[in-house]
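> Below you'll find the structure I mean.
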Amino acid sequence: MLHARNDYHTDSPPINAETPSHIIKEWSCARTEGFKGRGKGRFPNYQIPFNDGDGCIVSQVQINAWVHINGQKSCIRGGVEPACSDVEHDLRKEYIRYKLSKGWKHLVVYNSSIHDLGLYTSRFITRGAMVVEYVGEVVGLRVADKREIEYQSGRRLQCKSACYFFRIDREQIIDATRKGGIARFVNHSCLPNCVAKVISIKNEKKVVFFAERDINPGEEVTYDYHFNREDEGMKIPCFCNSKNCRRFLN
Ligand SMILES: C[S@@+](CC[C@H](N)C(=O)[O-])C[C@H]1O[C@@H](n2cnc3c(N)ncnc32)[C@H](O)[C@@H]1O
């Protein structure tokens, strides 16, 4: 199976109710290793961009109201959502800003030189800003295993070779194959402009891509899939064309 490995992340604690919320995970496609190379403080100069660059200003008052009504309700009432670190708090705040300012309006799906279709931005995106959320059907490993066989058999998939699974944690996979958002078109690059993070909003895990550097209008949005290297039987050539390309996705 591409994603069902029992030894997955044995060196890092599982994300569950006991996991301290200050540990921010960076996971990737279902076939991939979690990205442990970067952690807290990844965006040292990070400022929450209240202006989306298109004249749409989301006020601090609006953000506070959203956080109060939605995000922090369970914390305030002593519910199960644990107190979060400054970094995670900033990421959540950025998620809210993105939702309020409809940050996805500037994203376009278009032909890619990397693979088939890709996701592009038509506006400047500041380093640290949220770019897109990976949405789809959240399924358990068993269902994902079954679906993977079904998809690979090519019976119910247009693009047999493409993988639209994103592993959230040890138990959950987001399957964007049949039901998904535009993030399913984000291609891999060995020199990506985004990084994927799992953040918790109202006790629900969300997979969110944040800009790892400033991204210019017209640039393709990419992230590093961190596919498992041990799928030796089926090497997938990488066409990201970056100067440090690892030549294979796995
Ligand atoms: C989530 S899809 C990305 C969107 C895809 N381009 C499309 O048109 O649906 C992931 C699949 O795209 C392909 N892909 C993405 N990045 C690639 C790269 N750098 N080199 C080769 N194939 C890539 C692989 O087949 C991978 O399984």
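The chains in the structure tokens are called A, B, ... from first to last as shown; in each chain the residues are counted from 1, and the ligands are counted from 1 in the order shown.
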Which residues form the shell of 6 Å around ligand 1 when you count only C-alpha atoms and all ligand atoms, given as a list in words?
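Result of the 6 Å neighbour search around ligand 1: Ile114, His115, Asp116, Leu117, Gly118, Ser161, Ala162, Cys163, Tyr164, Arg184, Phe185, Val186, Asn187, His188, Ser189, Pro237, Cys238, Phe239 and Cys240 of chain A.
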> Those residues you just picked out, can you put them in a file as a compact mmCIF listing (two decimals), in the first residue's frame with N, CA and C atoms?

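So again_24.txt came out as:
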# COMPACT_ATOMS: atom_id res chain seq x y z
N ILE A 114 5.09 21.11 -15.01
CA ILE A 114 5.53 20.04 -14.09
C ILE A 114 4.72 18.77 -14.36
N HIS A 115 3.42 18.89 -14.30
CA HIS A 115 2.54 17.74 -14.55
C HIS A 115 1.12 18.22 -14.83
N ASP A 116 0.61 17.84 -15.97
CA ASP A 116 -0.80 18.06 -16.33
C ASP A 116 -1.32 19.44 -15.91
N LEU A 117 -2.17 19.49 -14.88
CA LEU A 117 -2.66 20.80 -14.41
C LEU A 117 -1.95 21.19 -13.12
N GLY A 118 -1.85 22.50 -12.91
CA GLY A 118 -1.24 23.00 -11.68
C GLY A 118 -2.03 24.18 -11.15
N SER A 161 -2.47 7.60 -12.79
CA SER A 161 -1.18 7.67 -12.10
C SER A 161 -1.14 8.74 -11.01
N ALA A 162 -2.08 9.67 -11.02
CA ALA A 162 -2.01 10.77 -10.06
C ALA A 162 -2.56 10.35 -8.69
N CYS A 163 -1.92 10.88 -7.65
CA CYS A 163 -2.34 10.55 -6.29
C CYS A 163 -2.93 11.81 -5.63
N TYR A 164 -4.14 11.69 -5.12
CA TYR A 164 -4.80 12.84 -4.50
C TYR A 164 -5.05 12.59 -3.01
N ARG A 184 -5.95 20.22 -4.73
CA ARG A 184 -5.59 18.92 -5.31
C ARG A 184 -4.72 19.09 -6.56
N PHE A 185 -4.68 20.30 -7.10
CA PHE A 185 -3.88 20.55 -8.30
C PHE A 185 -2.47 21.05 -7.99
N VAL A 186 -2.14 21.15 -6.72
CA VAL A 186 -0.80 21.63 -6.37
C VAL A 186 0.23 20.54 -6.67
N ASN A 187 1.16 20.85 -7.54
CA ASN A 187 2.20 19.89 -7.91
C ASN A 187 3.37 19.94 -6.94
N HIS A 188 4.20 18.89 -7.04
CA HIS A 188 5.39 18.80 -6.19
C HIS A 188 6.56 19.58 -6.80
N SER A 189 7.34 20.21 -5.94
CA SER A 189 8.63 20.75 -6.38
C SER A 189 9.66 20.44 -5.30
N PRO A 237 9.40 9.56 -11.68
CA PRO A 237 10.31 10.64 -12.07
C PRO A 237 9.73 12.02 -11.75
N CYS A 238 10.60 12.91 -11.30
CA CYS A 238 10.15 14.26 -10.96
C CYS A 238 10.45 15.22 -12.11
N PHE A 239 9.47 16.04 -12.44
CA PHE A 239 9.64 17.01 -13.52
C PHE A 239 9.56 18.45 -13.01
N CYS A 240 9.97 18.64 -11.76
CA CYS A 240 9.84 19.99 -11.18
C CYS A 240 10.84 20.98 -11.79
> For A:Ile96, which of A:Val138, A:Ile215, A:Cys194, A:Met130 is the closest residue, counting only C-alpha atoms?
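Among the listed residues, the smallest separation from A:Ile96 belongs to A:Met130.
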> Can you tell me which residues surround A:Val135 at a distance of at most 10 Å, considering only C-alpha atoms, apart from same-chain residues fewer than 2 positions away, and format the answer as a PyMOL selection string?
chain A and resi 132-133+137-138+166+174-176+179-184+206-208
> Determine, counting only C-alpha atoms, which protein, DNA and RNA residues have an atom within 10 Å of an atom of A:Asn241; residues of the same chain fewer than 5 positions away are not included. Present the result as a ChimeraX atom specification.
/A:113-114,189-191,246-247
> Return the single residue from A:Asn250, A:Asn193, A:Asn111, A:Asn203 that is closest to A:Ile125, with distances computed using only C-alpha atoms.
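For A:Ile125, the nearest of the candidates is A:Asn193.
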> Using only C-alpha atoms, pick whichever of A:Tyr98, A:Lys93, A:Thr177, A:Arg213 has the shortest atom-to-atom distance to A:Ile201.
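The answer is A:Lys93, which sits nearest to A:Ile201.
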> For a test of reading the model, state the distance in Å between atom CA of A:Ala129 and atom CA of A:Val109, rounded to one decimal.
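Distance reported for this atom pair: 19.4 Å.
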> Running DSSP on the backbone, which parts of stretch 173-237 of chain A land in helix (DSSP H, G or I), as a ChimeraX atom specification?
/A:182-185
> Please determine, counting only C-alpha atoms, which residue among A:Phe248, A:Thr222, A:Ala144, A:Val108 has the shortest atom-to-atom distance to A:Ile236.
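Comparing A:Phe248, A:Thr222, A:Ala144, A:Val108 against A:Ile236, the winner is A:Phe248.
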> Contacts of A:Pro217 at 10 Å or less, counting only C-alpha atoms, minus same-chain residues fewer than 3 places along, as a ChimeraX atom specification?
/A:106-107,120-125,214,220
> Identify which of the residues A:Val221, A:Val139, A:Met234, A:Ile173 lies closest to A:Val195, counting only C-alpha atoms when measuring atom-to-atom distances.
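For A:Val195, the nearest of the candidates is A:Val221.
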> Go through A:Ala211, A:Cys84, A:Val143, A:Ile168 and flag the residue nearest A:Gly128, using only C-alpha atoms for the distances.
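That would be A:Ala211, the residue with the smallest distance to A:Gly128.
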